[in-house]
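Asker: Okay, so here is data-v9.txt, and as you'll see once you scroll down, it has compact mmCIF, C-alpha atoms and all ligand atoms.
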```
# COMPACT_ATOMS: atom_id res chain seq x y z
CA MET E 1 12.42 -19.67 27.04
CA SER E 2 15.69 -20.86 28.47
CA TYR E 3 17.61 -23.95 27.56
CA THR E 4 19.95 -26.14 29.55
CA PHE E 5 23.06 -27.09 27.66
CA GLU E 6 26.24 -28.95 28.49
CA PRO E 7 29.64 -28.13 27.07
CA HIS E 8 30.90 -31.49 25.77
CA ARG E 9 30.71 -33.08 22.37
CA ASN E 10 28.37 -35.89 23.47
CA PHE E 11 25.80 -33.32 24.29
CA ALA E 12 25.91 -31.90 20.75
CA GLU E 13 25.44 -35.40 19.40
CA ARG E 14 22.47 -35.89 21.68
CA LEU E 15 20.87 -32.67 20.48
CA ASP E 16 21.28 -33.89 16.91
CA ARG E 17 19.65 -37.21 17.70
CA GLU E 18 16.68 -35.39 19.19
CA ASP E 19 16.41 -32.91 16.30
CA ILE E 20 13.07 -33.41 14.55
CA LEU E 21 14.34 -31.58 11.45
CA LYS E 22 17.45 -33.70 10.99
CA LYS E 23 16.13 -35.57 7.96
CA TYR E 24 16.15 -32.40 5.85
CA ARG E 25 19.92 -32.09 5.87
CA SER E 26 20.27 -34.88 3.30
CA ASN E 27 18.14 -32.90 0.85
CA PHE E 28 20.85 -30.21 0.72
CA HIS E 29 24.19 -30.23 -1.05
CA ILE E 30 26.61 -29.50 1.77
CA PRO E 31 29.95 -28.44 0.27
CA GLU E 32 32.42 -31.21 0.98
CA ASN E 33 34.42 -30.89 4.16
CA ILE E 34 32.85 -27.56 5.00
CA ILE E 35 31.03 -26.30 8.05
CA TYR E 36 28.66 -23.89 6.34
CA MET E 37 27.45 -21.13 8.65
CA ASP E 38 26.35 -18.64 6.04
CA GLY E 39 22.78 -19.65 5.24
CA ASN E 40 21.65 -16.15 6.20
CA SER E 41 23.50 -14.82 3.14
CA LEU E 42 23.10 -17.64 0.65
CA GLY E 43 21.06 -20.69 1.54
CA LEU E 44 22.30 -24.03 0.20
CA PHE E 45 21.26 -25.83 -2.96
CA SER E 46 18.77 -28.65 -2.41
CA GLU E 47 17.94 -31.74 -4.41
CA ASN E 48 14.44 -30.33 -4.73
CA ALA E 49 15.84 -27.20 -6.33
CA GLU E 50 18.01 -29.21 -8.68
CA LYS E 51 15.04 -31.24 -9.90
CA SER E 52 13.01 -28.12 -10.60
CA ILE E 53 15.78 -26.56 -12.63
CA HIS E 54 16.01 -29.74 -14.68
CA ARG E 55 12.26 -29.68 -15.19
CA VAL E 56 12.44 -26.20 -16.71
CA ILE E 57 15.41 -27.12 -18.87
CA LYS E 58 13.46 -30.07 -20.22
CA GLU E 59 10.36 -27.94 -20.82
CA TRP E 60 12.39 -25.35 -22.67
CA LYS E 61 14.03 -28.06 -24.81
CA GLU E 62 10.83 -29.90 -25.59
CA SER E 63 8.09 -27.30 -25.53
CA ALA E 64 9.88 -24.04 -26.35
CA ILE E 65 7.39 -21.20 -26.30
CA ARG E 66 4.51 -23.50 -25.48
CA GLY E 67 6.08 -23.82 -22.01
CA TRP E 68 4.31 -20.60 -21.01
CA MET E 69 0.94 -22.33 -21.03
CA ALA E 70 1.66 -26.06 -21.32
CA GLY E 71 3.32 -28.62 -19.13
CA GLU E 72 3.15 -29.57 -15.53
CA LYS E 73 3.56 -26.02 -14.27
CA PRO E 74 2.87 -23.42 -16.96
CA TRP E 75 5.48 -20.66 -16.69
CA PHE E 76 2.91 -17.93 -17.17
CA TYR E 77 1.33 -18.62 -13.78
CA LEU E 78 4.43 -19.64 -11.86
CA PRO E 79 5.06 -16.30 -10.09
CA GLU E 80 1.47 -16.37 -8.78
CA GLU E 81 1.73 -20.04 -7.81
CA ILE E 82 4.97 -19.52 -5.94
CA GLY E 83 3.57 -16.35 -4.38
CA LYS E 84 0.65 -18.36 -2.99
CA LYS E 85 3.00 -20.85 -1.39
CA CYS E 86 5.02 -18.12 0.14
CA ALA E 87 1.89 -16.35 1.43
CA SER E 88 1.28 -19.14 3.90
CA ILE E 89 4.84 -18.83 5.17
CA VAL E 90 4.38 -15.14 6.00
CA GLY E 91 0.78 -15.37 7.19
CA ALA E 92 -0.78 -13.49 4.29
CA GLU E 93 -3.63 -14.21 1.91
CA LYS E 94 -2.83 -15.91 -1.38
CA GLU E 95 -3.30 -12.88 -3.62
CA GLU E 96 -1.27 -10.65 -1.33
CA VAL E 97 2.12 -12.16 -2.20
CA ILE E 98 3.89 -12.39 -5.54
CA MET E 99 7.32 -13.62 -6.52
CA THR E 100 8.92 -10.94 -8.65
CA GLY E 101 11.96 -8.78 -9.23
CA SER E 102 14.61 -8.39 -6.60
CA THR E 103 14.50 -6.92 -3.13
CA THR E 104 15.88 -3.51 -3.99
CA VAL E 105 13.77 -3.16 -7.13
CA ASN E 106 10.70 -4.16 -5.13
CA ILE E 107 11.54 -1.53 -2.53
CA HIS E 108 11.69 1.09 -5.28
CA SER E 109 8.42 -0.17 -6.68
CA LEU E 110 6.49 -0.23 -3.42
CA ILE E 111 7.91 3.00 -2.04
CA SER E 112 6.98 4.71 -5.31
CA THR E 113 3.40 3.57 -4.74
CA PHE E 114 3.15 4.17 -1.00
CA TYR E 115 5.18 7.33 -0.62
CA GLN E 116 2.88 10.13 -1.68
CA PRO E 117 4.06 13.21 0.24
CA LYS E 118 1.28 15.72 0.81
CA GLY E 119 1.12 18.97 2.77
CA ASN E 120 2.99 18.47 6.00
CA ARG E 121 3.28 14.75 5.66
CA THR E 122 6.47 14.36 3.69
CA LYS E 123 8.89 12.40 5.83
CA ILE E 124 10.02 8.80 5.77
CA ILE E 125 11.24 7.01 8.89
CA ALA E 126 14.03 4.47 8.44
CA ASP E 127 17.01 3.58 10.61
CA GLU E 128 20.75 4.02 10.50
CA LEU E 129 21.42 0.29 10.90
CA ASN E 130 19.49 -0.87 7.85
CA PHE E 131 21.09 -2.59 4.90
CA PRO E 132 22.56 0.20 2.74
CA SER E 133 20.65 -0.74 -0.42
CA ASP E 134 17.35 -0.02 1.34
CA ILE E 135 18.54 3.44 2.31
CA TYR E 136 19.83 4.17 -1.20
CA ALA E 137 16.41 3.25 -2.58
CA LEU E 138 14.58 5.45 -0.06
CA LYS E 139 16.79 8.42 -0.85
CA GLY E 140 16.29 7.85 -4.57
CA GLN E 141 12.53 7.74 -4.13
CA ILE E 142 12.53 10.98 -2.17
CA ARG E 143 14.55 12.63 -4.94
CA ILE E 144 12.13 11.34 -7.59
CA LYS E 145 9.38 13.21 -5.75
CA GLY E 146 11.48 16.38 -6.09
CA LEU E 147 12.35 16.49 -2.39
CA ASP E 148 15.59 16.50 -0.43
CA PRO E 149 16.57 13.26 1.36
CA GLU E 150 18.59 15.24 3.89
CA LYS E 151 15.35 16.81 5.04
CA GLU E 152 12.81 14.12 4.48
CA LEU E 153 14.56 10.94 5.58
CA ILE E 154 14.58 10.45 9.35
CA LEU E 155 17.16 7.82 10.30
CA ILE E 156 16.45 6.46 13.76
CA LYS E 157 19.69 6.20 15.70
CA SER E 158 20.97 3.28 17.66
CA HIS E 159 22.46 3.99 21.08
CA ASP E 160 25.10 1.28 20.74
CA GLY E 161 25.49 0.59 17.02
CA ARG E 162 23.76 -2.78 17.44
CA TYR E 163 20.15 -2.41 18.43
CA LEU E 164 17.11 -0.24 17.90
CA ASP E 165 14.51 0.67 20.48
CA GLU E 166 10.94 0.30 19.17
CA GLU E 167 9.65 2.93 21.61
CA ILE E 168 12.02 5.49 20.13
CA ILE E 169 10.83 4.60 16.63
CA ALA E 170 7.19 4.94 17.70
CA ALA E 171 7.91 8.31 19.30
CA ALA E 172 9.30 9.58 15.99
CA MET E 173 5.99 8.88 14.21
CA THR E 174 4.70 12.44 14.12
CA ASP E 175 2.14 13.98 11.79
CA GLU E 176 4.96 14.96 9.45
CA VAL E 177 5.63 11.32 8.67
CA ALA E 178 4.12 9.76 5.56
CA LEU E 179 5.77 6.37 5.69
CA VAL E 180 7.87 4.03 7.85
CA PHE E 181 10.17 1.47 6.27
CA LEU E 182 12.23 -0.81 8.49
CA PRO E 183 13.94 -4.18 8.40
CA SER E 184 12.26 -7.00 10.31
CA VAL E 185 15.71 -8.04 11.46
CA LEU E 186 18.87 -5.96 11.58
CA PHE E 187 21.37 -7.61 9.26
CA ARG E 188 24.38 -7.07 11.49
CA SER E 189 23.17 -7.76 15.03
CA GLY E 190 20.27 -10.05 14.12
CA GLN E 191 17.84 -8.10 16.33
CA LEU E 192 14.21 -8.88 15.47
CA LEU E 193 12.00 -5.80 15.65
CA ASP E 194 8.50 -6.04 17.06
CA MET E 195 6.62 -5.67 13.79
CA ALA E 196 3.18 -6.06 15.37
CA PHE E 197 3.83 -3.22 17.81
CA LEU E 198 5.35 -0.92 15.19
CA THR E 199 2.46 -1.59 12.82
CA ARG E 200 -0.08 -0.74 15.53
CA GLU E 201 1.74 2.48 16.32
CA ALA E 202 1.98 3.52 12.66
CA SER E 203 -1.65 2.79 11.91
CA LYS E 204 -2.83 4.75 14.97
CA LYS E 205 -1.21 7.74 13.32
CA ASP E 206 -2.33 6.98 9.76
CA ILE E 207 1.19 6.32 8.60
CA PHE E 208 1.93 3.60 6.05
CA ILE E 209 4.38 0.99 7.24
CA GLY E 210 6.41 -1.58 5.33
CA PHE E 211 9.13 -4.04 6.27
CA ASP E 212 12.11 -5.60 4.61
CA CYS E 213 11.97 -9.21 5.79
CA CYS E 214 15.09 -10.57 4.05
CA HIS E 215 16.56 -11.74 7.34
CA SER E 216 13.43 -13.30 8.76
CA ALA E 217 11.56 -14.84 5.82
CA GLY E 218 11.87 -18.61 6.01
CA ASN E 219 13.33 -18.47 9.50
CA ILE E 220 10.65 -16.74 11.56
CA PRO E 221 6.90 -17.25 11.15
CA HIS E 222 5.13 -14.01 10.31
CA ARG E 223 1.49 -13.01 10.58
CA PHE E 224 1.16 -10.20 8.09
CA SER E 225 -2.63 -10.31 7.81
CA GLU E 226 -3.12 -10.28 11.55
CA TRP E 227 -0.63 -7.45 12.07
CA GLY E 228 -2.07 -5.43 9.19
CA LEU E 229 1.12 -3.94 7.80
CA ASP E 230 0.79 -2.17 4.47
CA PHE E 231 3.54 -3.84 2.48
CA ALA E 232 6.70 -5.92 2.70
CA VAL E 233 9.55 -7.21 0.58
CA TRP E 234 12.01 -10.07 1.03
CA CYS E 235 14.49 -12.08 -0.93
CA SER E 236 14.40 -15.83 -1.51
CA TYR E 237 18.11 -16.60 -1.46
CA LYS E 238 18.84 -16.39 2.27
CA TYR E 239 16.86 -18.66 4.63
CA MET E 240 14.53 -19.60 1.76
CA ASN E 241 17.36 -21.33 -0.17
CA GLY E 242 16.11 -20.20 -3.59
CA GLY E 243 19.56 -19.83 -5.19
CA PRO E 244 22.09 -17.08 -5.91
CA GLY E 245 20.21 -13.95 -6.97
CA SER E 246 16.90 -15.82 -7.07
CA PRO E 247 13.73 -13.75 -7.53
CA ALA E 248 12.30 -11.90 -4.56
CA PHE E 249 8.82 -11.50 -3.09
CA LEU E 250 6.57 -8.65 -2.24
CA TYR E 251 3.46 -8.41 -0.10
CA ILE E 252 0.70 -5.84 -0.44
CA ASN E 253 -2.14 -5.69 2.01
CA LYS E 254 -5.30 -6.33 -0.02
CA LYS E 255 -6.82 -3.05 1.12
CA HIS E 256 -4.27 -1.36 -1.16
CA PHE E 257 -4.87 -3.38 -4.32
CA HIS E 258 -6.58 -0.38 -5.93
CA LYS E 259 -3.46 1.79 -5.62
CA THR E 260 -1.44 2.50 -8.74
CA PRO E 261 1.71 0.48 -9.42
CA VAL E 262 3.90 3.44 -10.33
CA LEU E 263 6.76 1.37 -11.76
CA ALA E 264 4.27 -0.28 -14.07
CA GLY E 265 5.02 -3.08 -16.50
CA TRP E 266 2.99 -5.43 -18.64
CA TYR E 267 3.34 -8.29 -16.20
CA GLY E 268 1.23 -6.30 -13.77
CA CYS E 269 -1.77 -6.56 -16.09
CA GLU E 270 -4.76 -8.67 -15.29
CA LYS E 271 -3.56 -12.07 -16.58
CA THR E 272 -6.44 -12.60 -18.97
CA ARG E 273 -5.86 -9.20 -20.56
CA GLN E 274 -2.09 -9.05 -20.69
CA PHE E 275 -2.01 -10.28 -24.28
CA ASP E 276 -4.69 -7.81 -25.40
CA MET E 277 -1.64 -5.59 -25.81
CA SER E 278 -3.63 -2.52 -24.89
CA ILE E 279 -1.54 0.54 -24.11
CA ASP E 280 -3.95 1.40 -21.30
CA PHE E 281 -2.56 -0.31 -18.23
CA GLY E 282 -5.14 -2.06 -16.07
CA HIS E 283 -3.32 -3.69 -13.20
CA SER E 284 -4.32 -6.94 -11.59
CA ARG E 285 -6.06 -6.23 -8.27
CA SER E 286 -3.58 -8.38 -6.40
CA ALA E 287 0.09 -8.23 -5.43
CA GLY E 288 0.66 -9.51 -8.98
CA GLY E 289 -0.27 -6.03 -10.21
CA TRP E 290 3.17 -4.89 -9.04
CA GLN E 291 5.09 -7.25 -11.32
CA ILE E 292 7.06 -5.44 -13.97
CA SER E 293 8.72 -7.87 -16.34
CA THR E 294 8.82 -11.42 -17.59
CA GLN E 295 10.13 -13.63 -14.82
CA GLY E 296 13.23 -15.75 -15.50
CA MET E 297 12.05 -19.33 -15.19
CA LEU E 298 15.42 -20.96 -14.55
CA SER E 299 15.78 -18.85 -11.43
CA ALA E 300 12.12 -19.12 -10.39
CA ALA E 301 11.84 -22.90 -10.46
CA PRO E 302 14.20 -23.67 -7.57
CA VAL E 303 12.42 -21.16 -5.34
CA GLU E 304 9.21 -23.11 -5.51
CA SER E 305 10.76 -26.40 -4.54
CA ALA E 306 12.89 -24.80 -1.83
CA LEU E 307 9.65 -23.43 -0.33
CA ASP E 308 8.17 -26.92 -0.41
CA ILE E 309 10.87 -28.03 2.01
CA ILE E 310 10.02 -25.15 4.34
CA LEU E 311 6.31 -25.91 4.16
CA GLU E 312 6.89 -29.56 4.86
CA ALA E 313 9.24 -28.90 7.77
CA GLY E 314 6.84 -26.28 9.18
CA MET E 315 7.71 -22.70 10.10
CA ASP E 316 7.09 -23.29 13.80
CA ASN E 317 9.51 -26.21 13.87
CA ILE E 318 12.06 -24.20 11.94
CA ARG E 319 11.79 -21.33 14.39
CA GLU E 320 12.05 -23.67 17.39
CA LYS E 321 15.26 -25.20 16.10
CA SER E 322 16.64 -21.83 15.10
CA LYS E 323 16.11 -20.47 18.60
CA LYS E 324 17.66 -23.53 20.16
CA ILE E 325 20.69 -23.88 17.90
CA THR E 326 21.54 -20.17 18.12
CA SER E 327 21.13 -20.40 21.90
CA TYR E 328 23.49 -23.36 21.92
CA LEU E 329 26.01 -21.38 19.89
CA ALA E 330 25.68 -18.40 22.24
CA TYR E 331 26.13 -20.73 25.22
CA LEU E 332 29.35 -22.22 23.82
CA VAL E 333 30.70 -18.80 22.95
CA GLU E 334 30.02 -17.60 26.49
CA MET E 335 31.62 -20.73 27.95
CA VAL E 336 34.63 -21.04 25.73
CA LEU E 337 35.37 -17.77 23.96
CA SER E 338 34.15 -14.80 25.93
CA LYS E 339 36.92 -14.67 28.54
CA LYS E 340 40.53 -13.65 28.21
CA PRO E 341 42.53 -14.22 26.07
CA TYR E 342 39.71 -14.75 23.54
CA ASN E 343 37.63 -11.65 24.21
CA PHE E 344 34.71 -12.35 21.91
CA LYS E 345 31.47 -10.53 22.58
CA ILE E 346 28.03 -11.48 21.42
CA GLY E 347 26.45 -8.56 19.58
CA THR E 348 23.04 -10.23 19.22
CA PRO E 349 20.07 -10.17 21.61
CA LEU E 350 20.51 -13.01 24.11
CA ASP E 351 16.76 -13.55 24.30
CA PRO E 352 16.05 -15.90 21.36
CA GLU E 353 12.60 -14.35 20.88
CA LYS E 354 14.32 -11.09 19.96
CA ARG E 355 16.67 -12.37 17.28
CA SER E 356 16.65 -14.19 13.98
CA GLY E 357 19.00 -16.96 12.87
CA HIS E 358 22.53 -15.75 13.38
CA ILE E 359 24.85 -14.77 16.18
CA ALA E 360 27.10 -11.75 15.68
CA LEU E 361 30.48 -12.55 17.14
CA GLU E 362 32.31 -9.34 17.78
CA HIS E 363 36.05 -9.14 18.15
CA GLU E 364 37.29 -5.66 18.70
CA THR E 365 40.52 -5.81 16.74
CA GLU E 366 40.83 -9.05 14.81
CA ALA E 367 37.45 -9.91 13.28
CA VAL E 368 38.65 -9.72 9.66
CA ARG E 369 41.68 -11.91 10.21
CA ILE E 370 39.82 -14.44 12.35
CA GLY E 371 37.18 -14.68 9.63
CA LYS E 372 39.89 -15.46 7.07
CA ALA E 373 41.46 -18.09 9.32
CA LEU E 374 38.04 -19.72 9.72
CA LEU E 375 37.76 -20.03 5.94
CA ASP E 376 41.10 -21.82 5.77
CA ASN E 377 39.84 -24.12 8.50
CA HIS E 378 36.84 -25.10 6.37
CA VAL E 379 34.32 -22.97 8.20
CA ILE E 380 32.27 -20.47 6.17
CA PRO E 381 30.91 -17.55 8.18
CA ASP E 382 30.76 -13.99 6.90
CA PHE E 383 32.24 -10.72 7.99
CA ARG E 384 30.41 -7.43 8.41
CA PRO E 385 32.38 -4.29 9.15
CA PRO E 386 33.62 -3.03 11.44
CA ASN E 387 34.11 -6.02 13.74
CA VAL E 388 31.42 -8.65 13.29
CA ILE E 389 31.70 -12.29 12.25
CA ARG E 390 28.20 -13.56 11.59
CA ILE E 391 27.59 -17.23 12.32
CA ALA E 392 24.30 -18.60 11.07
CA PRO E 393 23.46 -22.22 11.87
CA ALA E 394 20.53 -22.78 9.51
CA PRO E 395 17.78 -24.91 11.03
CA LEU E 396 17.12 -26.98 7.91
CA TYR E 397 20.64 -28.27 7.41
CA ASN E 398 23.10 -27.38 10.14
CA THR E 399 23.80 -29.70 13.04
CA TYR E 400 24.58 -29.06 16.67
CA LEU E 401 27.80 -30.99 16.19
CA GLU E 402 28.86 -28.51 13.51
CA VAL E 403 28.27 -25.69 15.95
CA TYR E 404 30.31 -27.51 18.56
CA GLU E 405 33.15 -28.14 16.12
CA MET E 406 33.09 -24.60 14.80
CA VAL E 407 33.61 -23.27 18.31
CA GLN E 408 36.54 -25.65 18.87
CA ILE E 409 38.10 -24.49 15.61
CA LEU E 410 37.69 -20.89 16.63
CA LYS E 411 39.33 -21.62 19.96
CA LYS E 412 42.24 -23.30 18.18
CA ILE E 413 42.66 -20.32 15.86
CA MET E 414 42.87 -18.06 18.89
CA ASP E 415 45.14 -20.37 20.91
CA THR E 416 47.64 -20.72 18.08
CA LYS E 417 47.23 -17.08 16.94
CA GLU E 418 46.84 -18.47 13.44
CA TYR E 419 44.93 -15.34 12.43
CA GLU E 420 48.15 -13.35 12.60
CA HIS E 421 49.20 -14.87 9.27
CA TYR E 422 46.49 -12.92 7.44
CA SER E 423 46.19 -9.34 6.30
CA LYS E 424 43.61 -7.02 7.80
CA GLU E 425 42.10 -6.14 4.41
CA ARG E 426 38.63 -7.47 3.99
CA GLY E 427 37.82 -9.50 0.85
CA THR E 428 35.77 -7.93 -1.97
CA VAL E 429 32.85 -10.18 -1.18
CA SER E 430 32.75 -11.09 2.47
C1 LIG V 1 19.93 -9.26 1.54
C2 LIG V 1 19.29 -7.95 1.69
C3 LIG V 1 19.10 -7.12 0.57
C4 LIG V 1 19.61 -7.54 -0.79
O1 LIG V 1 19.05 -6.82 -1.80
P1 LIG V 1 19.11 -7.32 -3.32
O2 LIG V 1 18.30 -6.32 -4.02
O3 LIG V 1 18.58 -8.72 -3.34
O4 LIG V 1 20.54 -7.34 -3.73
C5 LIG V 1 18.46 -5.91 0.75
N1 LIG V 1 18.04 -5.53 1.99
C6 LIG V 1 18.22 -6.30 3.08
C7 LIG V 1 17.75 -5.84 4.41
C8 LIG V 1 18.86 -7.52 2.96
O5 LIG V 1 19.05 -8.29 4.03
```
Go through the file and emit its structure as structure tokens.
Ligand SMILES: *Cc1c(COP(=O)(O)O)cnc(C)c1O
Answerer:
Amino acid sequence: MSYTFEPHRNFAERLDREDILKKYRSNFHIPENIIYMDGNSLGLFSENAEKSIHRVIKEWKESAIRGWMAGEKPWFYLPEEIGKKCASIVGAEKEEVIMTGSTTVNIHSLISTFYQPKGNRTKIIADELNFPSDIYALKGQIRIKGLDPEKELILIKSHDGRYLDEEIIAAAMTDEVALVFLPSVLFRSGQLLDMAFLTREASKKDIFIGFDCCHSAGNIPHRFSEWGLDFAVWCSYKYMNGGPGSPAFLYINKKHFHKTPVLAGWYGCEKTRQFDMSIDFGHSRSAGGWQISTQGMLSAAPVESALDIILEAGMDNIREKSKKITSYLAYLVEMVLSKKPYNFKIGTPLDPEKRSGHIALEHETEAVRIGKALLDNHVIPDFRPPNVIRIAPAPLYNTYLEVYEMVQILKKIMDTKEYEHYSKERGTVS
């Protein structure tokens, strides 16, 4: 798919007028005077989310413990209910998705179930560009099995520090490999891996495969059931707009429901038997069997209503706008900022089918300082070392005009060398 864009402001305004998702912006609290381009790290707060939080506060005030079973949405079933909603977003069956825990904890939980080294098959394939937490969890899980991560963890290399080649990953799937765990989208470059292809390759060789979909969930439609992957995890606070540190999701292919949840907890029990208080654990034959603990309701409630917005807007429409608005951003960067003296490079696949929702703007020497200058110019991007400013125009609330203005601001920062007023130290949270 290629788009035809024009470089002037009127054109951005026209794109906004034609945007079929434009009505959703007013549902979100856009920080005043800010061009927010960081929805891939923390999605914005919506009015829907606010209402749900107030509902739970009221239930807690008025019903106290009865809130677990009474009221409009009994708390006891909320993780299952929200899981069902999310299942349709990722193309899974209702019982295959549950809202629970956090991404890293869910990785530990699912790897502990799926990684069962036997005989020669002891290795895990991951990649050197993955989010560090995922790698820490994999190494920890290898150690728990009494093995050495230096030997058992195969980290697929990138030839350029940005992208991975799926053919190289497939070629590494030998009969020594027990499990493959990869991100759907690389957090720095935004490259979208071909999950269908990788799943086919892994299953041909009887290797379990799972994905971390933090950077695609809510931005890219998935078809988990059709692809047949074994498991997946993702958070709800990025493109899903569930709130800071909101609970995560996990997916388990139903053919694995009989497997043992190794990090077992009472919330994994069959719901009707949980309060039998039996010390013999019988897990629910559903993704819910992998829950561990009581879910915090104040953090769960906004996830549900944030998903309602996504369901109403439609994943295909979201993806269409995401491809178009990131293409528009890439076009403006090429036009305005890629030549001397600006020297920005795009470190994201130029084919929109091969990326998620952000553009990685690379600046060889000044990325940290330019990022800081953007903040003082009311633009919120984020910085990822060594040299990447990530700009994520989120399809549900960002406008084409904001993208246009952000590029003009960046140009001004470069023209005036404003960034030179800042130190090169990166902030603690960036
Ligand atoms: C955001 C993200 C995480 C975050 O993990 P938490 O456990 O929620 O802190 C982990 N992995 C990937 C790939 C991510 O994008």
Asker: Taking 3 positions as the minimum chain separation for residues in the same chain, which residues sit within 9 Å of Pro352 of chain E when counting all atoms listed in the file? Answer as a list in words.
Answerer: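 Using all atoms listed in the file, the neighbours found are Met1, Ser2, Ser322, Lys323, Lys324, Thr326, Ser327, Pro349, Arg355 and Ser356 of chain E.
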Asker: Which residue, E:Asn241, E:Ser189, E:Ser299, E:Thr113, has the smallest gap to Glu47 of chain E when you use only C-alpha atoms?
Answerer: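 The shortest atom-to-atom distance to Glu47 of chain E comes from E:Asn241.
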Asker: Taking all atoms listed in the file and a cut-off of 8 Å, can you tell me which residues surround ligand LIG 1 (chain V), written as a VMD selection string?
Answerer: chain E and resid 41 102 to 106 130 to 134 183 185 to 187 212 to 215 234 to 235 238 245 248
Asker: To one decimal place, how far is atom CA of Thr260 of chain E from atom CA of Pro117 of chain E in Å?
Answerer: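 Computing the Euclidean distance for atom CA of Thr260 of chain E and atom CA of Pro117 of chain E yields 15.0 Å.
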Asker: Using all atoms listed in the file, which residue out of E:Val90, E:Ile309, E:Leu263, E:Ile35 lies closest to Glu405 of chain E?
Answerer: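 Under the stated criterion, the closest residue is E:Ile35.
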Asker: Atom CA of His258 of chain E to atom CA of Phe231 of chain E: how many Å, to one decimal?
Answerer: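 So the answer is 13.6 Å.
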Asker: Any idea what's packed within 9 Å of Glu166 of chain E, counting all atoms listed in the file, ignoring anything in its chain fewer than 6 positions away? Could you give it as a list in words?
Answerer: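 In the requested form, the answer reads Leu193, Asp194, Phe197 and Leu198 of chain E.
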Asker: Nearest residue to Gln295 of chain E out of E:Leu78, E:Ile391, E:Ala232, E:Ile325, using all atoms listed in the file?
Answerer: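 Among the listed residues, the smallest separation from Gln295 of chain E belongs to E:Leu78.
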Asker: With all atoms listed in the file as the basis for distance, which of E:Asp351, E:Asp19, E:Asp376, E:Glu150 is at the shortest distance from Tyr331 of chain E?
Answerer: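 When distances to Tyr331 of chain E are compared using all atoms listed in the file, the smallest one comes from E:Asp351.
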